[in-house]
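**Student:** So here's my_file-v7.cif (mmCIF, N, CA and C atoms).
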data_protein
loop_
_atom_site.label_atom_id
_atom_site.label_comp_id
_atom_site.auth_asym_id
_atom_site.auth_seq_id
_atom_site.Cartn_x
_atom_site.Cartn_y
_atom_site.Cartn_z
N MET J 293 -28.12 43.37 20.23
CA MET J 293 -28.86 42.20 19.82
C MET J 293 -29.81 41.81 20.96
N HIS J 294 -30.99 41.48 20.60
CA HIS J 294 -32.01 41.11 21.56
C HIS J 294 -31.71 39.73 22.15
N TRP J 295 -32.11 39.48 23.42
CA TRP J 295 -31.77 38.23 24.09
C TRP J 295 -32.39 37.02 23.43
N GLY J 296 -33.53 37.18 22.79
CA GLY J 296 -34.18 36.07 22.06
C GLY J 296 -33.34 35.65 20.86
N ASN J 297 -32.74 36.65 20.19
CA ASN J 297 -31.88 36.34 19.03
C ASN J 297 -30.62 35.61 19.48
N LYS J 298 -30.11 35.97 20.66
CA LYS J 298 -28.91 35.31 21.17
C LYS J 298 -29.19 33.83 21.46
N ILE J 299 -30.36 33.53 21.97
CA ILE J 299 -30.73 32.14 22.25
C ILE J 299 -30.83 31.36 20.94
N ILE J 300 -31.43 31.92 19.93
CA ILE J 300 -31.57 31.24 18.64
C ILE J 300 -30.20 31.00 18.01
N VAL J 301 -29.31 31.99 18.06
CA VAL J 301 -27.96 31.83 17.52
C VAL J 301 -27.20 30.76 18.30
N SER J 302 -27.37 30.71 19.62
CA SER J 302 -26.73 29.69 20.44
C SER J 302 -27.21 28.30 20.04
N PHE J 303 -28.51 28.11 19.84
CA PHE J 303 -29.04 26.82 19.41
C PHE J 303 -28.49 26.41 18.04
N ILE J 304 -28.44 27.37 17.13
CA ILE J 304 -27.92 27.07 15.78
C ILE J 304 -26.45 26.67 15.86
N LEU J 305 -25.66 27.36 16.66
CA LEU J 305 -24.25 26.99 16.82
C LEU J 305 -24.11 25.61 17.47
N PHE J 306 -24.92 25.34 18.48
CA PHE J 306 -24.88 24.05 19.15
C PHE J 306 -25.21 22.91 18.18
N ILE J 307 -26.25 23.07 17.38
CA ILE J 307 -26.65 22.05 16.42
C ILE J 307 -25.57 21.88 15.34
N THR J 308 -24.96 22.97 14.92
CA THR J 308 -23.89 22.90 13.92
C THR J 308 -22.69 22.12 14.45
N VAL J 309 -22.28 22.41 15.68
CA VAL J 309 -21.16 21.68 16.29
C VAL J 309 -21.53 20.21 16.46
N LEU J 310 -22.74 19.92 16.89
CA LEU J 310 -23.19 18.55 17.09
C LEU J 310 -23.16 17.76 15.77
N PHE J 311 -23.70 18.32 14.70
CA PHE J 311 -23.68 17.63 13.41
C PHE J 311 -22.26 17.49 12.86
N THR J 312 -21.42 18.45 13.12
CA THR J 312 -20.02 18.35 12.70
C THR J 312 -19.33 17.18 13.40
N LEU J 313 -19.53 17.05 14.70
CA LEU J 313 -18.93 15.95 15.45
C LEU J 313 -19.47 14.59 14.99
N VAL J 314 -20.77 14.52 14.71
CA VAL J 314 -21.36 13.28 14.21
C VAL J 314 -20.77 12.93 12.85
N TYR J 315 -20.64 13.90 11.97
CA TYR J 315 -20.06 13.68 10.65
C TYR J 315 -18.61 13.17 10.75
N ILE J 316 -17.82 13.79 11.60
CA ILE J 316 -16.42 13.38 11.77
C ILE J 316 -16.34 11.98 12.34
N SER J 317 -17.17 11.67 13.33
CA SER J 317 -17.11 10.33 13.94
C SER J 317 -17.56 9.25 12.98
N LEU J 318 -18.50 9.53 12.09
CA LEU J 318 -18.95 8.53 11.12
C LEU J 318 -17.92 8.30 10.02
N ASN J 319 -17.10 9.28 9.72
CA ASN J 319 -16.12 9.16 8.64
C ASN J 319 -14.72 8.81 9.12
N THR J 320 -14.55 8.58 10.41
CA THR J 320 -13.25 8.19 10.94
C THR J 320 -13.11 6.68 10.87
N GLU J 321 -11.97 6.22 10.33
CA GLU J 321 -11.72 4.79 10.21
C GLU J 321 -11.08 4.27 11.49
N PHE J 322 -11.69 3.26 12.07
CA PHE J 322 -11.15 2.62 13.25
C PHE J 322 -10.72 1.21 12.85
N SER J 323 -9.42 1.00 12.76
CA SER J 323 -8.95 -0.33 12.40
C SER J 323 -8.54 -1.07 13.66
N LEU J 324 -8.84 -2.36 13.69
CA LEU J 324 -8.46 -3.19 14.82
C LEU J 324 -6.96 -3.43 14.80
N VAL J 325 -6.38 -3.68 15.93
CA VAL J 325 -4.97 -4.02 16.00
C VAL J 325 -4.74 -5.30 15.22
N SER J 326 -5.66 -6.23 15.33
CA SER J 326 -5.58 -7.50 14.63
C SER J 326 -6.99 -7.96 14.32
N GLU J 327 -7.17 -8.57 13.16
CA GLU J 327 -8.50 -9.05 12.78
C GLU J 327 -8.96 -10.21 13.66
N ASN J 328 -8.03 -11.05 14.08
CA ASN J 328 -8.38 -12.23 14.87
C ASN J 328 -7.78 -12.14 16.27
N TYR J 329 -8.03 -11.05 16.93
CA TYR J 329 -7.43 -10.81 18.24
C TYR J 329 -7.90 -11.82 19.29
N TYR J 330 -9.11 -12.33 19.17
CA TYR J 330 -9.62 -13.28 20.16
C TYR J 330 -8.82 -14.59 20.12
N GLU J 331 -8.58 -15.11 18.92
CA GLU J 331 -7.79 -16.33 18.79
C GLU J 331 -6.36 -16.11 19.25
N GLN J 332 -5.81 -14.93 18.96
CA GLN J 332 -4.46 -14.63 19.40
C GLN J 332 -4.38 -14.55 20.91
N GLU J 333 -5.40 -14.03 21.54
CA GLU J 333 -5.42 -13.93 23.00
C GLU J 333 -5.46 -15.32 23.64
N LEU J 334 -6.19 -16.23 23.03
CA LEU J 334 -6.26 -17.59 23.56
C LEU J 334 -4.91 -18.30 23.47
N ALA J 335 -4.12 -17.96 22.46
CA ALA J 335 -2.83 -18.60 22.26
C ALA J 335 -1.68 -17.72 22.76
N TYR J 336 -1.95 -16.85 23.71
CA TYR J 336 -0.93 -15.89 24.14
C TYR J 336 0.23 -16.55 24.88
N GLN J 337 -0.01 -17.68 25.56
CA GLN J 337 1.08 -18.38 26.24
C GLN J 337 2.12 -18.86 25.24
N ASP J 338 1.66 -19.27 24.06
CA ASP J 338 2.61 -19.65 23.00
C ASP J 338 3.48 -18.47 22.60
N GLN J 339 2.88 -17.28 22.56
CA GLN J 339 3.63 -16.07 22.22
C GLN J 339 4.68 -15.77 23.30
N ILE J 340 4.30 -15.93 24.55
CA ILE J 340 5.24 -15.72 25.65
C ILE J 340 6.40 -16.70 25.54
N ASP J 341 6.09 -17.95 25.19
CA ASP J 341 7.14 -18.96 25.02
C ASP J 341 8.09 -18.58 23.89
N ARG J 342 7.55 -18.06 22.77
CA ARG J 342 8.41 -17.63 21.65
C ARG J 342 9.35 -16.51 22.08
N GLU J 343 8.83 -15.55 22.83
CA GLU J 343 9.66 -14.43 23.29
C GLU J 343 10.72 -14.92 24.29
N THR J 344 10.36 -15.85 25.15
CA THR J 344 11.31 -16.42 26.10
C THR J 344 12.42 -17.18 25.38
N ASN J 345 12.07 -17.87 24.30
CA ASN J 345 13.08 -18.59 23.52
C ASN J 345 14.13 -17.64 22.97
N VAL J 346 13.74 -16.44 22.56
CA VAL J 346 14.70 -15.45 22.07
C VAL J 346 15.59 -14.98 23.21
N LEU J 347 15.01 -14.76 24.38
CA LEU J 347 15.79 -14.30 25.53
C LEU J 347 16.80 -15.36 25.98
N ASN J 348 16.52 -16.62 25.73
CA ASN J 348 17.41 -17.70 26.15
C ASN J 348 18.53 -17.97 25.14
N LEU J 349 18.52 -17.31 24.00
CA LEU J 349 19.58 -17.49 23.02
C LEU J 349 20.87 -16.86 23.53
N GLU J 350 22.00 -17.48 23.19
CA GLU J 350 23.29 -16.89 23.57
C GLU J 350 23.54 -15.60 22.80
N GLU J 351 23.18 -15.61 21.52
CA GLU J 351 23.30 -14.42 20.69
C GLU J 351 21.96 -14.21 19.98
N ALA J 352 21.40 -13.05 20.12
CA ALA J 352 20.12 -12.74 19.48
C ALA J 352 20.37 -11.96 18.19
N PRO J 353 19.40 -11.95 17.29
CA PRO J 353 19.54 -11.13 16.08
C PRO J 353 19.69 -9.65 16.44
N GLU J 354 20.47 -8.94 15.64
CA GLU J 354 20.71 -7.51 15.85
C GLU J 354 19.94 -6.71 14.81
N PHE J 355 19.45 -5.59 15.24
CA PHE J 355 18.67 -4.69 14.38
C PHE J 355 19.49 -3.44 14.11
N GLN J 356 19.50 -3.03 12.85
CA GLN J 356 20.22 -1.81 12.48
C GLN J 356 19.40 -1.08 11.41
N ILE J 357 19.35 0.23 11.54
CA ILE J 357 18.70 1.04 10.51
C ILE J 357 19.75 1.95 9.90
N ASP J 358 19.88 1.89 8.59
CA ASP J 358 20.85 2.70 7.86
C ASP J 358 20.08 3.84 7.20
N ARG J 359 20.18 5.03 7.77
CA ARG J 359 19.40 6.17 7.27
C ARG J 359 19.92 6.67 5.92
N GLU J 360 21.20 6.52 5.66
CA GLU J 360 21.74 6.96 4.37
C GLU J 360 21.23 6.10 3.23
N LEU J 361 21.27 4.78 3.42
CA LEU J 361 20.81 3.86 2.38
C LEU J 361 19.31 3.60 2.45
N GLN J 362 18.65 4.16 3.47
CA GLN J 362 17.21 3.96 3.67
C GLN J 362 16.86 2.47 3.70
N GLN J 363 17.52 1.75 4.61
CA GLN J 363 17.21 0.33 4.72
C GLN J 363 17.34 -0.16 6.16
N VAL J 364 16.58 -1.20 6.44
CA VAL J 364 16.62 -1.89 7.72
C VAL J 364 17.38 -3.18 7.53
N ILE J 365 18.27 -3.48 8.48
CA ILE J 365 19.06 -4.70 8.41
C ILE J 365 18.86 -5.46 9.72
N ILE J 366 18.50 -6.74 9.59
CA ILE J 366 18.42 -7.62 10.74
C ILE J 366 19.50 -8.67 10.54
N ARG J 367 20.48 -8.65 11.42
CA ARG J 367 21.65 -9.51 11.30
C ARG J 367 21.55 -10.67 12.29
N PHE J 368 21.61 -11.89 11.77
CA PHE J 368 21.55 -13.08 12.60
C PHE J 368 22.96 -13.60 12.85
N PRO J 369 23.23 -14.12 14.04
CA PRO J 369 24.49 -14.82 14.26
C PRO J 369 24.56 -16.06 13.35
N LYS J 370 25.75 -16.43 12.96
CA LYS J 370 25.93 -17.53 12.01
C LYS J 370 25.28 -18.81 12.50
N THR J 371 25.45 -19.12 13.79
CA THR J 371 24.89 -20.37 14.32
C THR J 371 23.38 -20.41 14.22
N ILE J 372 22.74 -19.28 14.45
CA ILE J 372 21.27 -19.22 14.39
C ILE J 372 20.81 -19.23 12.94
N SER J 373 21.49 -18.49 12.08
CA SER J 373 21.05 -18.39 10.68
C SER J 373 21.10 -19.73 9.98
N GLN J 374 22.01 -20.60 10.36
CA GLN J 374 22.09 -21.92 9.75
C GLN J 374 20.94 -22.82 10.20
N GLN J 375 20.33 -22.50 11.33
CA GLN J 375 19.25 -23.33 11.87
C GLN J 375 17.86 -22.84 11.47
N VAL J 376 17.77 -21.63 10.89
CA VAL J 376 16.47 -21.07 10.54
C VAL J 376 15.85 -21.88 9.40
N LYS J 377 14.69 -22.46 9.67
CA LYS J 377 13.97 -23.24 8.65
C LYS J 377 12.98 -22.36 7.90
N GLU J 378 12.26 -21.54 8.64
CA GLU J 378 11.29 -20.63 8.03
C GLU J 378 11.11 -19.44 8.95
N GLY J 379 10.62 -18.36 8.38
CA GLY J 379 10.39 -17.18 9.19
C GLY J 379 9.61 -16.12 8.44
N LYS J 380 9.21 -15.11 9.19
CA LYS J 380 8.42 -14.02 8.61
C LYS J 380 8.85 -12.71 9.27
N VAL J 381 8.89 -11.67 8.46
CA VAL J 381 9.16 -10.33 8.95
C VAL J 381 7.94 -9.48 8.60
N LYS J 382 7.34 -8.89 9.63
CA LYS J 382 6.16 -8.06 9.42
C LYS J 382 6.49 -6.64 9.82
N PHE J 383 6.29 -5.72 8.90
CA PHE J 383 6.39 -4.29 9.20
C PHE J 383 4.98 -3.86 9.60
N TYR J 384 4.85 -3.49 10.87
CA TYR J 384 3.55 -3.25 11.48
C TYR J 384 3.37 -1.76 11.76
N ARG J 385 2.31 -1.20 11.24
CA ARG J 385 1.99 0.21 11.45
C ARG J 385 0.78 0.27 12.38
N ALA J 386 0.98 0.67 13.62
CA ALA J 386 -0.10 0.66 14.62
C ALA J 386 -1.23 1.62 14.28
N SER J 387 -0.91 2.70 13.61
CA SER J 387 -1.93 3.71 13.35
C SER J 387 -2.89 3.31 12.23
N ASN J 388 -2.47 2.40 11.34
CA ASN J 388 -3.34 2.00 10.24
C ASN J 388 -2.89 0.65 9.69
N ALA J 389 -3.74 -0.34 9.82
CA ALA J 389 -3.38 -1.71 9.46
C ALA J 389 -3.19 -1.90 7.96
N ARG J 390 -3.72 -1.04 7.12
CA ARG J 390 -3.59 -1.26 5.68
C ARG J 390 -2.17 -1.00 5.18
N TYR J 391 -1.33 -0.40 6.00
CA TYR J 391 0.07 -0.18 5.60
C TYR J 391 0.99 -1.30 6.07
N ASP J 392 0.46 -2.29 6.80
CA ASP J 392 1.28 -3.42 7.24
C ASP J 392 1.79 -4.19 6.03
N GLN J 393 3.01 -4.72 6.16
CA GLN J 393 3.61 -5.50 5.07
C GLN J 393 4.28 -6.73 5.65
N ASP J 394 4.08 -7.88 5.00
CA ASP J 394 4.67 -9.14 5.41
C ASP J 394 5.69 -9.59 4.37
N PHE J 395 6.83 -10.13 4.86
CA PHE J 395 7.87 -10.64 3.98
C PHE J 395 8.38 -11.96 4.56
N ALA J 396 8.78 -12.84 3.67
CA ALA J 396 9.42 -14.08 4.12
C ALA J 396 10.82 -13.73 4.62
N LEU J 397 11.26 -14.43 5.66
CA LEU J 397 12.59 -14.21 6.22
C LEU J 397 13.61 -14.94 5.36
N LEU J 398 14.20 -14.23 4.43
CA LEU J 398 15.22 -14.78 3.55
C LEU J 398 16.54 -14.10 3.88
N LEU J 399 17.51 -14.88 4.34
CA LEU J 399 18.80 -14.34 4.74
C LEU J 399 19.79 -14.42 3.58
N ASN J 400 20.61 -13.38 3.44
CA ASN J 400 21.63 -13.39 2.39
C ASN J 400 22.87 -14.13 2.90
N ASP J 401 23.96 -14.10 2.11
CA ASP J 401 25.17 -14.83 2.49
C ASP J 401 25.88 -14.23 3.69
N LYS J 402 25.50 -13.02 4.09
CA LYS J 402 26.07 -12.39 5.29
C LYS J 402 25.19 -12.64 6.51
N HIS J 403 24.20 -13.53 6.38
CA HIS J 403 23.27 -13.87 7.46
C HIS J 403 22.40 -12.67 7.85
N GLU J 404 21.99 -11.90 6.86
CA GLU J 404 21.22 -10.69 7.09
C GLU J 404 19.91 -10.72 6.30
N PHE J 405 18.92 -10.06 6.87
CA PHE J 405 17.71 -9.71 6.15
C PHE J 405 17.77 -8.20 5.95
N ALA J 406 17.78 -7.76 4.71
CA ALA J 406 17.85 -6.32 4.41
C ALA J 406 16.61 -5.92 3.64
N MET J 407 16.05 -4.76 4.02
CA MET J 407 14.82 -4.29 3.40
C MET J 407 14.89 -2.78 3.23
N LYS J 408 14.61 -2.32 2.02
CA LYS J 408 14.54 -0.88 1.75
C LYS J 408 13.30 -0.31 2.42
N ILE J 409 13.45 0.84 3.06
CA ILE J 409 12.31 1.45 3.77
C ILE J 409 11.92 2.79 3.17
N ASP J 410 12.46 3.11 1.98
CA ASP J 410 12.14 4.41 1.40
C ASP J 410 10.68 4.51 0.94
N GLN J 411 9.99 3.37 0.77
CA GLN J 411 8.59 3.38 0.36
C GLN J 411 7.62 3.43 1.55
N LEU J 412 8.14 3.22 2.76
CA LEU J 412 7.28 3.24 3.95
C LEU J 412 6.94 4.66 4.36
N LEU J 413 5.78 4.83 4.93
CA LEU J 413 5.36 6.15 5.43
C LEU J 413 6.23 6.59 6.59
N ARG J 414 6.42 7.86 6.73
CA ARG J 414 7.16 8.39 7.87
C ARG J 414 6.34 8.17 9.14
N GLY J 415 7.06 7.88 10.23
CA GLY J 415 6.38 7.69 11.50
C GLY J 415 6.89 6.47 12.24
N ALA J 416 6.11 6.03 13.21
CA ALA J 416 6.50 4.91 14.08
C ALA J 416 6.10 3.59 13.44
N TRP J 417 7.02 2.63 13.49
CA TRP J 417 6.82 1.29 12.96
C TRP J 417 7.31 0.26 13.96
N LYS J 418 6.81 -0.96 13.81
CA LYS J 418 7.32 -2.10 14.55
C LYS J 418 7.68 -3.18 13.54
N ILE J 419 8.76 -3.88 13.83
CA ILE J 419 9.08 -5.07 13.07
C ILE J 419 8.77 -6.25 13.96
N GLN J 420 7.91 -7.12 13.49
CA GLN J 420 7.58 -8.34 14.22
C GLN J 420 8.28 -9.49 13.50
N LEU J 421 9.31 -10.01 14.14
CA LEU J 421 10.17 -11.03 13.56
C LEU J 421 9.86 -12.39 14.17
N THR J 422 9.43 -13.33 13.35
CA THR J 422 9.17 -14.69 13.83
C THR J 422 9.97 -15.66 12.98
N TRP J 423 10.52 -16.68 13.63
CA TRP J 423 11.22 -17.72 12.90
C TRP J 423 11.19 -19.01 13.68
N SER J 424 11.52 -20.09 12.98
CA SER J 424 11.51 -21.41 13.58
C SER J 424 12.76 -22.15 13.15
N ASP J 425 13.29 -22.99 14.05
CA ASP J 425 14.42 -23.84 13.70
C ASP J 425 13.98 -25.29 13.52
N GLY J 426 12.69 -25.50 13.42
CA GLY J 426 12.15 -26.84 13.28
C GLY J 426 11.76 -27.46 14.61
N ILE J 427 12.34 -26.98 15.69
CA ILE J 427 12.04 -27.50 17.03
C ILE J 427 11.30 -26.43 17.84
N LYS J 428 11.88 -25.25 17.90
CA LYS J 428 11.31 -24.13 18.67
C LYS J 428 10.93 -23.00 17.72
N GLU J 429 10.01 -22.18 18.20
CA GLU J 429 9.64 -20.97 17.49
C GLU J 429 10.14 -19.78 18.29
N TYR J 430 10.46 -18.69 17.57
CA TYR J 430 11.03 -17.50 18.18
C TYR J 430 10.27 -16.27 17.70
N TYR J 431 10.22 -15.25 18.58
CA TYR J 431 9.54 -13.99 18.24
C TYR J 431 10.29 -12.84 18.88
N LYS J 432 10.54 -11.81 18.07
CA LYS J 432 11.17 -10.60 18.58
C LYS J 432 10.48 -9.41 17.92
N GLU J 433 10.25 -8.38 18.73
CA GLU J 433 9.61 -7.18 18.24
C GLU J 433 10.57 -6.02 18.38
N LEU J 434 10.70 -5.24 17.33
CA LEU J 434 11.62 -4.12 17.30
C LEU J 434 10.86 -2.86 16.89
N ASN J 435 11.10 -1.76 17.60
CA ASN J 435 10.45 -0.49 17.28
C ASN J 435 11.44 0.43 16.59
N PHE J 436 10.95 1.17 15.59
CA PHE J 436 11.81 2.17 14.95
C PHE J 436 10.93 3.27 14.36
N VAL J 437 11.57 4.39 14.10
CA VAL J 437 10.89 5.55 13.54
C VAL J 437 11.63 5.97 12.28
N ILE J 438 10.87 6.23 11.24
CA ILE J 438 11.47 6.72 9.99
C ILE J 438 11.40 8.22 9.98
#
Any chance you could give the structure as structure tokens?
**Tutor:**
Amino acid sequence: MHWGNKIIVSFILFITVLFTLVYISLNTEFSLVSENYYEQELAYQDQIDRETNVLNLEEAPEFQIDRELQQVIIRFPKTISQQVKEGKVKFYRASNARYDQDFALLLNDKHEFAMKIDQLLRGAWKIQLTWSDGIKEYYKELNFVI
């Protein structure tokens, strides 16, 4: 092959790779960790206080994953469960925000929040648990993999 043809083929390959990279970058979805991250950053001391409140509890909620039944169980101590006024459980998927799911913290008679996870995508998840006793707010984050 003549050296002039090699230069032309090299340019064509270079342009092909360049357009391929541009096409991939334009079609890749970049989701933010949070839509309102600026407001959350301003209120971050409140978040630190919520996490500290959990650390100061005598007994904290326990997390359990039952792989046979495909469910997540968050068990509250009786004393804490009686004081819970409201709460939220968020299943957070860091890789894609559209798979996040929010649930109200509703405890059963065993002081547990149980959730089936067979519909969740395989991979890494976080549970962001927030609740209030009317006086203080609490926050705990739990990591798990399905």
**Student:** Starting from the shown file, work through the PyMOL selection byres (((chain J and resi 414 and name CA) around 12) and name CA) and note down what comes out as a list in words.
**Tutor:** Gln362, Arg385, Ser387, Tyr391, Ile409, Asp410, Gln411, Leu412, Leu413, Gly415, Ala416, Trp417, Phe436, Val437 and Ile438 of chain J
**Student:** Would you give me, as a PyMOL selection string, the residues in chain J that DSSP reads as alpha helix (DSSP H)?
**Tutor:** chain J and resi 295-319+329-334+336-347+370-373
**Student:** Applying the PyMOL selection byres ((chain J and resi 396-401) around 7) to the file I just gave you, which residues come out? Please list them as an MDAnalysis selection string.
**Tutor:** chainID J and resid 378:381 394:395 402:406
**Student:** Write out as an MDAnalysis selection string which residues come within 6 Å of segment 353-355 of chain J when counting all atoms listed in the file, dropping same-chain ones fewer than 4 positions away.
**Tutor:** chainID J and resid 365:369
**Student:** The PyMOL selection byres (((chain J and resi 332-344 and name CA) around 9) and name CA) - which residues does that actually catch in the file I just gave you? List them as number ranges by chain.
**Tutor:** J: 326, 328-331, 345-349, 422, 428-433
**Student:** I need the residues in chain J that are strand (DSSP E or B) according to DSSP; give them as an MDAnalysis selection string.
**Tutor:** chainID J and resid 354:358 363:367 378:384 393:396 404:408 416:424 429:437
**Student:** How far is it from atom N of Gly426 of chain J to atom CA of Gln375 of chain J, in Å with one decimal?
**Tutor:**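 That distance, rounded to one decimal, is 7.1 Å.
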**Student:** Between atom CA of Val376 of chain J and atom CA of Arg359 of chain J, what is the distance in Å, rounded to a tenth?
**Tutor:**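 Result for atom CA of Val376 of chain J versus atom CA of Arg359 of chain J: 27.6 Å, one decimal.
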**Student:** Calculate how many Å separate atom CA of Leu361 of chain J from atom N of Lys408 of chain J, rounding to one decimal.
**Tutor:**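 Distance between the two atoms: 8.8 Å.
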